[in-house]
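One file, coords18.txt, is given below (compact mmCIF, N, CA and C atoms).
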# COMPACT_ATOMS: atom_id res chain seq x y z
N MET A 211 49.11 -50.05 -15.45
CA MET A 211 48.49 -50.99 -14.54
C MET A 211 47.20 -51.49 -15.15
N ARG A 212 46.91 -52.78 -14.95
CA ARG A 212 45.75 -53.42 -15.56
C ARG A 212 44.80 -53.87 -14.46
N TRP A 213 43.49 -53.59 -14.67
CA TRP A 213 42.47 -54.03 -13.72
C TRP A 213 42.20 -55.50 -13.90
N VAL A 214 41.96 -56.17 -12.84
CA VAL A 214 41.72 -57.62 -12.88
C VAL A 214 40.23 -57.86 -12.99
N GLY A 215 39.87 -58.82 -13.82
CA GLY A 215 38.47 -59.21 -13.96
C GLY A 215 37.81 -58.49 -15.12
N SER A 216 36.78 -59.15 -15.65
CA SER A 216 36.11 -58.55 -16.79
C SER A 216 35.22 -57.42 -16.32
N GLY A 217 35.15 -56.41 -17.12
CA GLY A 217 34.30 -55.26 -16.83
C GLY A 217 34.84 -54.38 -15.73
N SER A 218 36.08 -54.56 -15.31
CA SER A 218 36.62 -53.74 -14.23
C SER A 218 36.69 -52.27 -14.62
N THR A 219 36.94 -52.00 -15.89
CA THR A 219 36.99 -50.62 -16.33
C THR A 219 35.60 -49.99 -16.21
N VAL A 220 34.60 -50.74 -16.58
CA VAL A 220 33.23 -50.26 -16.47
C VAL A 220 32.87 -50.04 -15.00
N ARG A 221 33.32 -50.98 -14.14
CA ARG A 221 33.05 -50.86 -12.72
C ARG A 221 33.70 -49.61 -12.17
N GLY A 222 34.91 -49.28 -12.62
CA GLY A 222 35.59 -48.06 -12.17
C GLY A 222 34.82 -46.82 -12.56
N ARG A 223 34.30 -46.78 -13.77
CA ARG A 223 33.48 -45.63 -14.19
C ARG A 223 32.16 -45.61 -13.41
N GLY A 224 31.63 -46.78 -13.12
CA GLY A 224 30.38 -46.86 -12.36
C GLY A 224 30.54 -46.30 -10.96
N VAL A 225 31.70 -46.58 -10.34
CA VAL A 225 31.96 -46.06 -9.00
C VAL A 225 32.05 -44.54 -9.06
N ALA A 226 32.73 -44.02 -10.07
CA ALA A 226 32.84 -42.56 -10.21
C ALA A 226 31.46 -41.95 -10.42
N ALA A 227 30.62 -42.61 -11.21
CA ALA A 227 29.27 -42.10 -11.46
C ALA A 227 28.46 -42.10 -10.16
N LEU A 228 28.59 -43.17 -9.36
CA LEU A 228 27.87 -43.22 -8.09
C LEU A 228 28.34 -42.14 -7.13
N VAL A 229 29.64 -41.86 -7.11
CA VAL A 229 30.17 -40.81 -6.24
C VAL A 229 29.58 -39.46 -6.65
N LEU A 230 29.56 -39.18 -7.96
CA LEU A 230 28.99 -37.91 -8.44
C LEU A 230 27.50 -37.83 -8.16
N LEU A 231 26.78 -38.93 -8.36
CA LEU A 231 25.36 -38.95 -8.09
C LEU A 231 25.09 -38.70 -6.61
N GLY A 232 25.87 -39.34 -5.74
CA GLY A 232 25.71 -39.14 -4.29
C GLY A 232 25.99 -37.70 -3.89
N ALA A 233 27.01 -37.09 -4.48
CA ALA A 233 27.32 -35.69 -4.18
C ALA A 233 26.18 -34.78 -4.61
N GLY A 234 25.56 -35.08 -5.74
CA GLY A 234 24.43 -34.28 -6.22
C GLY A 234 23.24 -34.39 -5.30
N VAL A 235 22.96 -35.61 -4.79
CA VAL A 235 21.86 -35.80 -3.87
C VAL A 235 22.11 -35.03 -2.58
N ILE A 236 23.33 -35.09 -2.06
CA ILE A 236 23.66 -34.36 -0.84
C ILE A 236 23.53 -32.86 -1.07
N ALA A 237 24.03 -32.38 -2.20
CA ALA A 237 23.99 -30.94 -2.49
C ALA A 237 22.55 -30.46 -2.60
N THR A 238 21.69 -31.21 -3.30
CA THR A 238 20.32 -30.74 -3.47
C THR A 238 19.48 -30.94 -2.23
N SER A 239 19.83 -31.90 -1.40
CA SER A 239 19.03 -32.12 -0.20
C SER A 239 19.35 -31.11 0.89
N THR A 240 20.46 -30.39 0.81
CA THR A 240 20.81 -29.43 1.85
C THR A 240 20.40 -28.01 1.49
N CYS A 241 19.91 -27.76 0.28
CA CYS A 241 19.50 -26.41 -0.12
C CYS A 241 18.07 -26.16 0.32
N ALA A 242 17.82 -24.97 0.83
CA ALA A 242 16.47 -24.57 1.19
C ALA A 242 15.74 -24.09 -0.06
N PRO A 243 14.42 -24.16 -0.07
CA PRO A 243 13.68 -23.66 -1.23
C PRO A 243 13.92 -22.16 -1.41
N ASP A 244 14.01 -21.74 -2.62
CA ASP A 244 14.24 -20.33 -2.95
C ASP A 244 12.89 -19.64 -3.11
N PRO A 245 12.61 -18.56 -2.33
CA PRO A 245 11.31 -17.90 -2.46
C PRO A 245 11.13 -17.23 -3.82
N TYR A 246 12.16 -17.07 -4.57
CA TYR A 246 12.06 -16.42 -5.88
C TYR A 246 12.22 -17.43 -7.01
N ASP A 247 11.87 -18.73 -6.77
CA ASP A 247 11.95 -19.74 -7.81
C ASP A 247 11.10 -19.36 -9.01
N GLY A 248 10.01 -18.67 -8.79
CA GLY A 248 9.14 -18.26 -9.88
C GLY A 248 9.51 -16.89 -10.40
N TYR A 249 10.76 -16.55 -10.41
CA TYR A 249 11.25 -15.22 -10.80
C TYR A 249 10.65 -14.80 -12.14
N ASP A 250 10.00 -13.65 -12.15
CA ASP A 250 9.34 -13.17 -13.36
C ASP A 250 10.02 -11.96 -13.97
N GLY A 251 11.25 -11.71 -13.59
CA GLY A 251 11.98 -10.58 -14.14
C GLY A 251 11.88 -9.33 -13.30
N MET A 252 10.98 -9.32 -12.33
CA MET A 252 10.84 -8.16 -11.45
C MET A 252 11.76 -8.34 -10.26
N PRO A 253 12.33 -7.25 -9.75
CA PRO A 253 13.19 -7.38 -8.57
C PRO A 253 12.35 -7.79 -7.37
N PRO A 254 12.96 -8.46 -6.38
CA PRO A 254 12.20 -8.84 -5.21
C PRO A 254 11.70 -7.60 -4.47
N PRO A 255 10.56 -7.72 -3.75
CA PRO A 255 10.04 -6.57 -3.03
C PRO A 255 11.03 -6.09 -1.98
N THR A 256 11.02 -4.79 -1.76
CA THR A 256 11.88 -4.23 -0.73
C THR A 256 11.03 -3.51 0.29
N ARG A 257 11.55 -3.38 1.46
CA ARG A 257 10.86 -2.64 2.52
C ARG A 257 11.46 -1.25 2.60
N PRO A 258 10.67 -0.26 2.96
CA PRO A 258 11.23 1.08 3.10
C PRO A 258 12.33 1.07 4.16
N ALA A 259 13.33 1.89 3.97
CA ALA A 259 14.44 1.96 4.92
C ALA A 259 13.95 2.44 6.28
N THR A 260 13.00 3.37 6.28
CA THR A 260 12.44 3.86 7.54
C THR A 260 10.92 3.86 7.42
N PRO A 261 10.22 3.60 8.51
CA PRO A 261 8.76 3.64 8.45
C PRO A 261 8.28 5.07 8.23
N PRO A 262 7.06 5.23 7.71
CA PRO A 262 6.55 6.58 7.51
C PRO A 262 6.54 7.36 8.83
N ALA A 263 6.69 8.66 8.73
CA ALA A 263 6.74 9.51 9.92
C ALA A 263 5.45 9.45 10.72
N ARG A 264 4.33 9.20 10.04
CA ARG A 264 3.04 9.14 10.73
C ARG A 264 2.12 8.23 9.93
N PRO A 265 1.04 7.76 10.56
CA PRO A 265 0.08 6.95 9.80
C PRO A 265 -0.62 7.82 8.75
N VAL A 266 -0.98 7.20 7.64
CA VAL A 266 -1.66 7.90 6.54
C VAL A 266 -2.90 7.10 6.16
N VAL A 267 -4.01 7.80 5.97
CA VAL A 267 -5.26 7.19 5.52
C VAL A 267 -5.69 7.94 4.27
N HIS A 268 -6.17 7.20 3.27
CA HIS A 268 -6.58 7.80 2.00
C HIS A 268 -8.09 7.81 1.86
N VAL A 269 -8.61 8.91 1.33
CA VAL A 269 -10.04 9.07 1.03
C VAL A 269 -10.14 9.50 -0.43
N GLN A 270 -11.03 8.86 -1.16
CA GLN A 270 -11.24 9.24 -2.55
C GLN A 270 -12.46 10.14 -2.67
N ALA A 271 -12.31 11.24 -3.39
CA ALA A 271 -13.44 12.08 -3.74
C ALA A 271 -13.88 11.64 -5.12
N ARG A 272 -15.01 10.93 -5.16
CA ARG A 272 -15.55 10.45 -6.43
C ARG A 272 -16.56 11.47 -6.93
N ASP A 273 -17.25 11.17 -7.98
CA ASP A 273 -18.13 12.19 -8.56
C ASP A 273 -19.25 12.64 -7.63
N ASN A 274 -19.78 11.77 -6.80
CA ASN A 274 -20.86 12.18 -5.90
C ASN A 274 -20.74 11.61 -4.50
N SER A 275 -19.55 11.14 -4.12
CA SER A 275 -19.38 10.59 -2.78
C SER A 275 -17.91 10.56 -2.40
N PHE A 276 -17.68 10.47 -1.09
CA PHE A 276 -16.35 10.22 -0.57
C PHE A 276 -16.25 8.73 -0.25
N GLN A 277 -15.15 8.12 -0.56
CA GLN A 277 -14.92 6.72 -0.23
C GLN A 277 -13.69 6.65 0.63
N GLU A 278 -13.68 6.32 1.75
CA GLU A 278 -14.68 5.95 2.72
C GLU A 278 -15.34 7.21 3.29
N GLN A 279 -16.61 7.10 3.59
CA GLN A 279 -17.33 8.25 4.14
C GLN A 279 -17.06 8.44 5.62
N GLU A 280 -16.86 7.36 6.34
CA GLU A 280 -16.61 7.45 7.78
C GLU A 280 -15.33 6.70 8.09
N ILE A 281 -14.38 7.41 8.71
CA ILE A 281 -13.12 6.77 9.09
C ILE A 281 -12.79 7.11 10.54
N THR A 282 -12.07 6.23 11.18
CA THR A 282 -11.58 6.46 12.54
C THR A 282 -10.07 6.32 12.50
N VAL A 283 -9.38 7.32 13.04
CA VAL A 283 -7.92 7.34 13.01
C VAL A 283 -7.40 7.74 14.39
N VAL A 284 -6.13 7.48 14.63
CA VAL A 284 -5.50 7.94 15.88
C VAL A 284 -4.95 9.34 15.66
N ALA A 285 -4.85 10.10 16.74
CA ALA A 285 -4.30 11.46 16.65
C ALA A 285 -2.92 11.41 16.01
N GLY A 286 -2.66 12.36 15.14
CA GLY A 286 -1.38 12.41 14.42
C GLY A 286 -1.44 11.78 13.05
N THR A 287 -2.60 11.26 12.66
CA THR A 287 -2.75 10.63 11.34
C THR A 287 -2.93 11.69 10.27
N GLU A 288 -2.29 11.45 9.14
CA GLU A 288 -2.48 12.31 7.97
C GLU A 288 -3.58 11.71 7.11
N VAL A 289 -4.61 12.49 6.82
CA VAL A 289 -5.67 12.05 5.93
C VAL A 289 -5.41 12.71 4.57
N VAL A 290 -5.40 11.87 3.53
CA VAL A 290 -5.10 12.35 2.18
C VAL A 290 -6.34 12.13 1.32
N TRP A 291 -6.88 13.22 0.79
CA TRP A 291 -8.01 13.15 -0.13
C TRP A 291 -7.46 13.25 -1.55
N ALA A 292 -7.94 12.39 -2.43
CA ALA A 292 -7.57 12.44 -3.84
C ALA A 292 -8.84 12.57 -4.66
N ASN A 293 -8.87 13.55 -5.55
CA ASN A 293 -10.02 13.74 -6.43
C ASN A 293 -9.85 12.77 -7.60
N VAL A 294 -10.58 11.66 -7.55
CA VAL A 294 -10.50 10.65 -8.60
C VAL A 294 -11.71 10.72 -9.53
N GLY A 295 -12.55 11.72 -9.35
CA GLY A 295 -13.74 11.88 -10.18
C GLY A 295 -13.47 12.73 -11.41
N ARG A 296 -14.56 13.06 -12.10
CA ARG A 296 -14.46 13.90 -13.30
C ARG A 296 -14.80 15.36 -13.00
N ASN A 297 -15.25 15.64 -11.78
CA ASN A 297 -15.71 16.98 -11.42
C ASN A 297 -14.79 17.63 -10.40
N ASP A 298 -14.87 18.96 -10.34
CA ASP A 298 -14.20 19.69 -9.27
C ASP A 298 -14.95 19.40 -7.96
N HIS A 299 -14.23 19.41 -6.85
CA HIS A 299 -14.82 19.23 -5.54
C HIS A 299 -14.16 20.19 -4.58
N ASP A 300 -14.66 20.22 -3.36
CA ASP A 300 -13.96 20.88 -2.26
C ASP A 300 -14.15 20.03 -1.02
N VAL A 301 -13.38 20.30 0.00
CA VAL A 301 -13.50 19.62 1.29
C VAL A 301 -13.60 20.73 2.32
N VAL A 302 -14.77 20.84 2.96
CA VAL A 302 -15.03 21.94 3.88
C VAL A 302 -15.63 21.40 5.18
N PRO A 303 -15.06 21.74 6.34
CA PRO A 303 -15.70 21.37 7.61
C PRO A 303 -17.11 21.95 7.65
N THR A 304 -18.08 21.16 8.08
CA THR A 304 -19.47 21.60 8.00
C THR A 304 -19.75 22.88 8.77
N GLU A 305 -19.04 23.12 9.85
CA GLU A 305 -19.31 24.36 10.60
C GLU A 305 -18.84 25.60 9.85
N PHE A 306 -18.13 25.40 8.72
CA PHE A 306 -17.64 26.53 7.92
C PHE A 306 -18.25 26.52 6.51
N GLU A 307 -19.38 25.82 6.33
CA GLU A 307 -20.01 25.77 5.00
C GLU A 307 -20.33 27.15 4.47
N ASP A 308 -20.74 28.07 5.35
CA ASP A 308 -21.09 29.43 4.91
C ASP A 308 -19.86 30.29 4.64
N ASP A 309 -18.72 29.92 5.20
CA ASP A 309 -17.49 30.71 5.03
C ASP A 309 -16.27 29.77 4.95
N PRO A 310 -16.14 29.02 3.85
CA PRO A 310 -15.05 28.04 3.72
C PRO A 310 -13.66 28.64 3.89
N ALA A 311 -13.50 29.90 3.54
CA ALA A 311 -12.17 30.53 3.65
C ALA A 311 -11.72 30.64 5.10
N ALA A 312 -12.65 30.64 6.05
CA ALA A 312 -12.32 30.76 7.46
C ALA A 312 -11.99 29.41 8.11
N ALA A 313 -12.16 28.33 7.38
CA ALA A 313 -11.94 26.99 7.95
C ALA A 313 -10.46 26.77 8.26
N PRO A 314 -10.18 26.12 9.40
CA PRO A 314 -8.78 25.84 9.76
C PRO A 314 -8.15 24.73 8.91
N TRP A 315 -8.96 23.96 8.19
CA TRP A 315 -8.47 22.93 7.29
C TRP A 315 -9.50 22.75 6.18
N GLY A 316 -9.11 22.10 5.13
CA GLY A 316 -9.99 21.89 3.98
C GLY A 316 -9.34 22.44 2.73
N VAL A 317 -9.98 22.20 1.59
CA VAL A 317 -9.42 22.64 0.32
C VAL A 317 -10.53 23.21 -0.56
N ALA A 318 -10.21 24.32 -1.22
CA ALA A 318 -11.18 24.99 -2.09
C ALA A 318 -11.26 24.30 -3.45
N ARG A 319 -12.35 24.55 -4.12
CA ARG A 319 -12.62 23.96 -5.44
C ARG A 319 -11.47 24.21 -6.42
N GLU A 320 -10.91 25.40 -6.42
CA GLU A 320 -9.85 25.76 -7.36
C GLU A 320 -8.59 24.91 -7.18
N ALA A 321 -8.40 24.39 -5.98
CA ALA A 321 -7.20 23.58 -5.68
C ALA A 321 -7.50 22.09 -5.61
N PHE A 322 -8.74 21.70 -5.96
CA PHE A 322 -9.11 20.29 -5.85
C PHE A 322 -9.89 19.83 -7.08
N ARG A 323 -9.26 20.02 -8.20
CA ARG A 323 -9.83 19.57 -9.47
C ARG A 323 -9.48 18.10 -9.68
N PRO A 324 -10.03 17.47 -10.73
CA PRO A 324 -9.69 16.06 -10.97
C PRO A 324 -8.18 15.82 -10.96
N ARG A 325 -7.78 14.77 -10.26
CA ARG A 325 -6.39 14.32 -10.08
C ARG A 325 -5.61 15.15 -9.06
N ASP A 326 -6.25 16.13 -8.41
CA ASP A 326 -5.58 16.89 -7.35
C ASP A 326 -5.65 16.11 -6.04
N VAL A 327 -4.72 16.44 -5.15
CA VAL A 327 -4.62 15.77 -3.85
C VAL A 327 -4.52 16.85 -2.77
N TYR A 328 -5.17 16.58 -1.64
CA TYR A 328 -5.10 17.47 -0.48
C TYR A 328 -4.91 16.59 0.75
N SER A 329 -4.11 17.08 1.72
CA SER A 329 -3.94 16.31 2.95
C SER A 329 -3.95 17.24 4.17
N HIS A 330 -4.31 16.64 5.31
CA HIS A 330 -4.32 17.36 6.58
C HIS A 330 -4.00 16.37 7.69
N VAL A 331 -3.20 16.80 8.66
CA VAL A 331 -2.87 15.98 9.82
C VAL A 331 -3.83 16.34 10.95
N PHE A 332 -4.52 15.34 11.46
CA PHE A 332 -5.46 15.54 12.56
C PHE A 332 -4.77 15.16 13.87
N ASP A 333 -4.41 16.19 14.64
CA ASP A 333 -3.68 15.98 15.90
C ASP A 333 -4.57 15.90 17.12
N ALA A 334 -5.71 16.56 17.10
CA ALA A 334 -6.57 16.62 18.28
C ALA A 334 -7.71 15.62 18.18
N PRO A 335 -7.94 14.84 19.25
CA PRO A 335 -9.08 13.92 19.24
C PRO A 335 -10.39 14.70 19.08
N GLY A 336 -11.35 14.06 18.42
CA GLY A 336 -12.64 14.68 18.19
C GLY A 336 -13.31 14.11 16.96
N THR A 337 -14.46 14.67 16.62
CA THR A 337 -15.20 14.26 15.43
C THR A 337 -15.22 15.42 14.46
N TYR A 338 -14.76 15.15 13.26
CA TYR A 338 -14.66 16.17 12.22
C TYR A 338 -15.58 15.78 11.07
N VAL A 339 -16.63 16.58 10.87
CA VAL A 339 -17.59 16.33 9.80
C VAL A 339 -17.27 17.32 8.68
N TYR A 340 -17.24 16.81 7.45
CA TYR A 340 -16.91 17.66 6.31
C TYR A 340 -17.85 17.36 5.15
N VAL A 341 -17.84 18.23 4.18
CA VAL A 341 -18.75 18.12 3.05
C VAL A 341 -18.09 18.71 1.81
N CYS A 342 -18.50 18.24 0.65
CA CYS A 342 -18.20 18.93 -0.60
C CYS A 342 -19.39 19.85 -0.81
N THR A 343 -19.16 21.14 -0.72
CA THR A 343 -20.29 22.09 -0.82
C THR A 343 -20.88 22.15 -2.22
N ILE A 344 -20.20 21.58 -3.19
CA ILE A 344 -20.70 21.57 -4.57
C ILE A 344 -21.69 20.41 -4.77
N HIS A 345 -21.46 19.29 -4.08
CA HIS A 345 -22.25 18.07 -4.33
C HIS A 345 -22.89 17.48 -3.09
N GLY A 346 -23.01 18.23 -2.03
CA GLY A 346 -23.63 17.64 -0.84
C GLY A 346 -23.90 18.66 0.23
N VAL A 347 -24.58 18.19 1.25
CA VAL A 347 -24.82 18.95 2.47
C VAL A 347 -24.50 18.02 3.63
N LYS A 348 -24.51 18.53 4.84
CA LYS A 348 -24.06 17.78 6.01
C LYS A 348 -24.61 16.35 6.09
N ASP A 349 -25.89 16.16 5.86
CA ASP A 349 -26.49 14.85 6.09
C ASP A 349 -26.73 14.02 4.83
N LYS A 350 -26.47 14.56 3.65
CA LYS A 350 -26.66 13.74 2.45
C LYS A 350 -25.79 14.23 1.31
N GLY A 351 -25.62 13.34 0.40
CA GLY A 351 -24.74 13.66 -0.72
C GLY A 351 -23.29 13.41 -0.36
N MET A 352 -22.45 14.30 -0.79
CA MET A 352 -21.02 14.11 -0.65
C MET A 352 -20.57 14.67 0.70
N ALA A 353 -20.61 13.80 1.74
CA ALA A 353 -20.24 14.21 3.10
C ALA A 353 -19.43 13.09 3.74
N GLY A 354 -18.62 13.46 4.73
CA GLY A 354 -17.81 12.45 5.41
C GLY A 354 -17.56 12.83 6.85
N THR A 355 -17.10 11.84 7.63
CA THR A 355 -16.81 12.05 9.05
C THR A 355 -15.48 11.38 9.38
N ILE A 356 -14.66 12.12 10.10
CA ILE A 356 -13.39 11.59 10.61
C ILE A 356 -13.47 11.62 12.12
N THR A 357 -13.33 10.47 12.76
CA THR A 357 -13.27 10.39 14.21
C THR A 357 -11.82 10.17 14.59
N VAL A 358 -11.29 11.09 15.39
CA VAL A 358 -9.89 11.02 15.81
C VAL A 358 -9.85 10.60 17.28
N THR A 359 -9.13 9.49 17.55
CA THR A 359 -8.99 9.00 18.91
C THR A 359 -7.61 9.34 19.44
N ALA A 360 -7.48 9.31 20.78
CA ALA A 360 -6.20 9.63 21.41
C ALA A 360 -5.15 8.57 21.15
Kindly return the structure encoded in the file as structure tokens.
Amino acid sequence: MRWVGSGSTVRGRGVAALVLLGAGVIATSTCAPDPYDGYDGMPPPTRPATPPARPVVHVQARDNSFQEQEITVVAGTEVVWANVGRNDHDVVPTEFEDDPAAAPWGVAREAFRPRDVYSHVFDAPGTYVYVCTIHGVKDKGMAGTITVTA
């Protein structure tokens, strides 16, 4: 079969090209933006399958201070101290400074060397003042306060 008119073969290819171009426009206009368009080789972030069993707050024991020194948490929160300094430390409730072994919570120097971690869950509302007996006293130096609310 022969097409009538000059350039009819070109017109036939032109129609096919327009159909393909139109399909491409429709295809690209219906796609939503991909949040990982800037993919850098890392897998997309994932969420934990289950939330943590309880809230957790972190405190750093630095060479001469606790960071944060004063925190407020709800009852049932786990407070985690990490020794990120170069020195040994301890965490002792101030009312037990004279007898740290009798304290209901806290960690001794031997168990809290650089890179060691200690944690305690505070279940009862109240104010808990603590100190590193090596580098501070209740009101100055390496001391901290945890206020636990209901």
(request) Name the closest residue to Val284 of chain A among the candidates A:Arg325, A:Pro310, A:Pro265, A:Ala318; distances are taken between atoms, counting all atoms listed in the file. (result)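 With all atoms listed in the file as the atom set, the closest residue is A:Pro265.
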(message) Nearest residue to Val341 of chain A out of A:Thr357, A:Trp315, A:Val301, A:Phe306, using all atoms listed in the file?
(response)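 Smallest separation from Val341 of chain A among the options: A:Val301.
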(request) Could you tell me how far atom CA of Thr304 of chain A lies from atom CA of His330 of chain A, in Å and to one decimal? (result) 15.8 Å
(request) Among the residues of segment 272-336 of chain A, find those DSSP assigns to helix (DSSP H, G or I) from the backbone and print them as a list in words. (result)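 Reading the DSSP output for segment 272-336 of chain A, helix (DSSP H, G or I) covers Thr304, Glu305, Phe306, Pro310, Ala311, Ala312, Arg319, Glu320 and Ala321 of chain A.
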(request) Write out as a ChimeraX atom specification the residues lying within 8 Å of Tyr340 of chain A, counting only N, CA and C atoms and excluding same-chain residues fewer than 2 positions away. (result) /A:300-305,337-338,342-343,346-348,352-356
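Taking atom CA of His299 of chain A as the reference point, atom CA of Val283 of chain A is found at 23.1 Å.
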(request) Quick one: residues within 7 Å of (-11.8, 7.3, 2.3) (file frame), counting all atoms listed in the file, please, as a PyMOL selection string. (result) chain A and resi 267-271+276-281
(message) Just the number, please: distance in Å from atom C of Val266 of chain A to atom N of Trp291 of chain A, one decimal.
(response) 9.1 Å
(request) Do a neighbour search on Thr359 of chain A at 6.5 Å with all atoms listed in the file, toss out local chain neighbours closer than 6 positions, and write the hits as an MDAnalysis selection string. (result) chainID A and resid 282:285 334:336
